[in-house]
Amino acid sequence: MTIDYDKLKAWDFGDHVATWTWEDSALYALSVGLGFDPVDANELRFTYEKDMLALPTMAVVMAPSGFWLRDPETGVDWKRVVHGEEGVTLHRPLPAEARIVARSRIDEIIDKGEGRGALIYISREVRDADTEELYATITRTTFCRGDGGFGGLGGPVRPVHTLPKREPDHVCDLPTLPQQALIYRLNGDGNPLHADPDVAREAGFDRPILHGLCTFGVAGHAVLKTLCDYDPGRLIRFDVRFSAPVFPGETIRTEMWQDGSEVSFRARVLERDAVVLNNGLAVVT
């Protein structure tokens with residue numbers, strides 16, 4: 001089965017409604033590493049229900065549409081799908097508790113050609129389910145490695161943000177826990193690649209890897225800590241490209257270049273000196 005452009009472009013995700021609790025917000029914060037120092041007052045604001053705040057990157061796990069590409073009607077070879085890019089734009093600070101609705105749509109499908117794969121650009125809005133107030137817009141690029149040559153559009157491909165050539169202006173090192181993938185998957189991503197050693201070995205890894213969106217959250221924490229004084233209202237946008245996996249227990253260094261309100265960044269693991277997030281762009285106030 002191959003991709004039918006018109007059918008996939010019109011894919012109906014439906015509305016995904018969820019009652020979001022402070023426990024959900026605390027679980028997300030803990031799953032991306034906050035609370036490592038349990039008496040740090042800044043981190044405690046995101047993990048303890050007293051005067052609780054929500055991390056901006058949490059938008060990516062609020063009422064998701066699930067692994068919809070596994071549906072054979074998409075025409076996609078889901079086993080060869082790779083998460084390429086993720087971005088979130090915050091229109092207002094996220095609530096720690098709310099009833100929310102998320103709506104997704106496919107913006108475009110790019111055919112890179114036979115043997116070169118396809119790109120699916122998706123966007124999702126997270127709103128208050130009762131007032132329709134818009135909290136966040138999320139963008140995602142999915143790289144379908146086995147699905148090029150279906151006869152679709154060859155472009156335009158979204159441009160990649162270029163990092164400055166100078167040394168970083170700021171650096172923030174944050175540890176991950178050996179069990180961090182097991183915690184993060186409780187946000188709703190049950191892919192066994194992140195929990196089952198046998199599945200990880202079949203995929204070519206010697207042990208389960210960390211979710212890309214967990215690494216995304218760790219880097220978001222680094223920017224919030226370093227440049228926003230832990231004020232979630234100051235982080236307006238956060239976009240990254242995934243470049244390599246992280247193993248739970250490794251230390252993630254986020255390197256940041258600040259030019260006014262724009263912050264370019266990338267993340268690497270210190271133990272292997274491997275860049276795991278690249279071409280990042282954040283907007284702060």
# chains A, B, ... in the order shown; residues from 1 in each chain; ligands from 1
call {"tool": "residues_around", "arguments": {"residues": "range 48-56 of chain A", "least_positions_apart": "3", "cutoff": "8 Å", "atoms": "only C-alpha atoms", "output": "list in words"}}
result
Trp22, Glu23, Ser25, Ala26, Ala29, Leu44, Arg45, Ala59, Leu90, Pro93, Leu94, Pro95, Ala96, Gly220, His221, Pro232 and Leu235 of chain A
call {"tool": "select_by_dssp", "arguments": {"residues": "range 29-207 of chain A", "states": "alpha helix (DSSP H)", "output": "number ranges by chain"}}
result
A: 29-31, 41-44, 180-184, 197-202
call {"tool": "write_last_selection", "arguments": {"atoms": "C-alpha atoms", "output": "short mmCIF file (atom, residue, chain, number, x, y, z; two decimals), in the first residue's frame"}}
result
data_model
loop_
_atom_site.label_atom_id
_atom_site.label_comp_id
_atom_site.auth_asym_id
_atom_site.auth_seq_id
_atom_site.Cartn_x
_atom_site.Cartn_y
_atom_site.Cartn_z
CA ALA A 29 7.69 17.88 34.99
CA LEU A 30 9.16 14.91 36.86
CA SER A 31 9.46 12.94 33.61
CA ALA A 41 12.13 26.15 45.09
CA ASN A 42 12.05 26.94 41.36
CA GLU A 43 11.62 23.31 40.29
CA LEU A 44 9.16 22.62 43.11
CA GLN A 180 13.70 8.36 33.00
CA ALA A 181 12.24 6.68 29.88
CA LEU A 182 10.09 4.47 32.11
CA ILE A 183 8.72 7.59 33.78
CA TYR A 184 8.26 9.61 30.59
CA PRO A 197 15.45 -4.28 26.00
CA ASP A 198 14.54 -6.94 23.43
CA VAL A 199 12.68 -4.43 21.25
CA ALA A 200 15.56 -1.96 21.58
CA ARG A 201 18.05 -4.61 20.43
CA GLU A 202 15.86 -5.44 17.43
#
call {"tool": "closest_atom_pairs", "arguments": {"of": "range 210-263 of chain A", "to": "range 62-82 of chain A", "cutoff": "12 Å", "atoms": "only C-alpha atoms", "output": "Markdown table"}}
result
| residue | atom | partner | partner_atom | distance |
| --- | --- | --- | --- | --- |
| A:His211 | CA | A:Val82 | CA | 11.8 |
| A:Gly212 | CA | A:Val82 | CA | 10.2 |
| A:Arg241 | CA | A:Val82 | CA | 11.4 |
| A:Phe242 | CA | A:Val82 | CA | 9.3 |
| A:Ser243 | CA | A:Val82 | CA | 10.5 |
| A:Ala244 | CA | A:Val82 | CA | 11.0 |
| A:Pro245 | CA | A:Val82 | CA | 11.4 |
call {"tool": "select_by_dssp", "arguments": {"residues": "range 114-171 of chain A", "states": "strand (DSSP E or B)", "output": "PyMOL selection string"}}
result
chain A and resi 118-128+134-144+170-171
call {"tool": "write_last_selection", "arguments": {"atoms": "N, CA and C atoms", "output": "short mmCIF file (atom, residue, chain, number, x, y, z; two decimals), in the first residue's frame"}}
result
data_model
loop_
_atom_site.label_atom_id
_atom_site.label_comp_id
_atom_site.auth_asym_id
_atom_site.auth_seq_id
_atom_site.Cartn_x
_atom_site.Cartn_y
_atom_site.Cartn_z
N ALA A 118 9.39 10.39 2.46
CA ALA A 118 8.40 11.46 2.40
C ALA A 118 8.36 12.19 3.73
N LEU A 119 7.94 13.44 3.69
CA LEU A 119 7.78 14.26 4.89
C LEU A 119 6.32 14.58 5.09
N ILE A 120 5.82 14.42 6.31
CA ILE A 120 4.46 14.82 6.64
C ILE A 120 4.55 15.95 7.65
N TYR A 121 3.99 17.11 7.29
CA TYR A 121 3.95 18.26 8.19
C TYR A 121 2.58 18.30 8.86
N ILE A 122 2.58 18.27 10.17
CA ILE A 122 1.34 18.21 10.96
C ILE A 122 1.32 19.39 11.92
N SER A 123 0.14 19.93 12.17
CA SER A 123 0.00 20.94 13.22
C SER A 123 -1.17 20.56 14.12
N ARG A 124 -1.08 20.98 15.38
CA ARG A 124 -2.11 20.64 16.37
C ARG A 124 -2.33 21.84 17.26
N GLU A 125 -3.57 22.16 17.52
CA GLU A 125 -3.92 23.24 18.43
C GLU A 125 -4.45 22.66 19.74
N VAL A 126 -3.99 23.22 20.84
CA VAL A 126 -4.47 22.84 22.17
C VAL A 126 -5.27 24.01 22.72
N ARG A 127 -6.55 23.75 23.02
CA ARG A 127 -7.47 24.80 23.46
C ARG A 127 -8.17 24.41 24.76
N ASP A 128 -8.71 25.39 25.44
CA ASP A 128 -9.61 25.12 26.55
C ASP A 128 -10.90 24.53 25.98
N LEU A 134 -7.20 29.55 22.96
CA LEU A 134 -6.06 28.86 22.37
C LEU A 134 -4.85 28.97 23.29
N TYR A 135 -4.33 27.82 23.71
CA TYR A 135 -3.14 27.79 24.55
C TYR A 135 -1.86 27.64 23.73
N ALA A 136 -1.85 26.68 22.80
CA ALA A 136 -0.60 26.38 22.11
C ALA A 136 -0.87 25.82 20.73
N THR A 137 0.07 26.07 19.82
CA THR A 137 0.08 25.45 18.49
C THR A 137 1.36 24.63 18.38
N ILE A 138 1.20 23.38 18.01
CA ILE A 138 2.33 22.45 17.93
C ILE A 138 2.53 22.05 16.48
N THR A 139 3.76 22.04 16.04
CA THR A 139 4.09 21.59 14.68
C THR A 139 5.00 20.37 14.77
N ARG A 140 4.84 19.47 13.82
CA ARG A 140 5.65 18.25 13.81
C ARG A 140 5.99 17.88 12.37
N THR A 141 7.22 17.44 12.18
CA THR A 141 7.64 16.86 10.90
C THR A 141 7.93 15.39 11.12
N THR A 142 7.24 14.54 10.38
CA THR A 142 7.44 13.10 10.44
C THR A 142 8.12 12.66 9.15
N PHE A 143 9.24 11.96 9.29
CA PHE A 143 9.99 11.47 8.13
C PHE A 143 9.60 10.02 7.91
N CYS A 144 8.93 9.76 6.78
CA CYS A 144 8.49 8.41 6.42
C CYS A 144 9.52 7.83 5.45
N HIS A 170 25.58 30.77 26.46
CA HIS A 170 25.17 30.12 27.70
C HIS A 170 25.23 28.61 27.51
N VAL A 171 25.52 27.90 28.58
CA VAL A 171 25.54 26.44 28.58
C VAL A 171 24.85 25.96 29.85
#
call {"tool": "residues_around", "arguments": {"residues": "Tyr5 in chain A", "least_positions_apart": "6", "cutoff": "8 Å", "atoms": "only C-alpha atoms", "output": "number ranges by chain"}}
result
A: 109, 150, 152
call {"tool": "atom_distance", "arguments": {"atom1": "CA of Pro38 in chain A", "atom2": "CA of Met58 in chain A"}}
result
20.0 Å
call {"tool": "residues_around", "arguments": {"residues": "Val223 in chain A", "least_positions_apart": "5", "cutoff": "10 Å", "atoms": "only C-alpha atoms", "output": "number ranges by chain"}}
result
A: 170-172, 217-218, 228-230, 235, 238, 254-256, 263, 265, 282-284
call {"tool": "closest_residue", "arguments": {"among": "A:Ile110, A:Leu174, A:Leu34, A:Ala129", "to": "Gly149 in chain A", "atoms": "only C-alpha atoms"}}
result
A:Ile110
call {"tool": "closest_residue", "arguments": {"among": "A:Ile100, A:Leu281, A:Val246, A:Ile3", "to": "Asp147 in chain A", "atoms": "only C-alpha atoms"}}
result
A:Ile3
call {"tool": "atom_distance", "arguments": {"atom1": "CA of Leu153 in chain A", "atom2": "CA of Asp111 in chain A"}}
result
5.5 Å
call {"tool": "residues_around", "arguments": {"residues": "Phe216 in chain A", "least_positions_apart": "5", "cutoff": "8 Å", "atoms": "only C-alpha atoms", "output": "list in words"}}
result
Thr57, Val240 and Leu277 of chain A
call {"tool": "write_last_selection", "arguments": {"atoms": "N, CA and C atoms", "output": "PDB file, in the first residue's frame"}}
result
ATOM      1  N   THR A  57       6.711  23.281  27.507  1.00  0.00           N
ATOM      2  CA  THR A  57       6.848  22.147  26.581  1.00  0.00           C
ATOM      3  C   THR A  57       5.828  21.045  26.853  1.00  0.00           C
ATOM      4  N   VAL A 240      12.745  22.413  17.512  1.00  0.00           N
ATOM      5  CA  VAL A 240      13.988  21.647  17.412  1.00  0.00           C
ATOM      6  C   VAL A 240      13.930  20.659  16.254  1.00  0.00           C
ATOM      7  N   LEU A 277      19.960  17.118  19.700  1.00  0.00           N
ATOM      8  CA  LEU A 277      18.998  18.089  19.172  1.00  0.00           C
ATOM      9  C   LEU A 277      19.803  19.137  18.423  1.00  0.00           C
TER      10      LEU A 277
END
call {"tool": "atom_distance", "arguments": {"atom1": "CA of Thr251 in chain A", "atom2": "CA of Glu271 in chain A"}}
result
6.9 Å
call {"tool": "residues_around", "arguments": {"residues": "Leu177 in chain A", "least_positions_apart": "4", "cutoff": "9 Å", "atoms": "only C-alpha atoms", "output": "VMD selection string"}}
result
chain A and resid 33 36 181 248 to 251
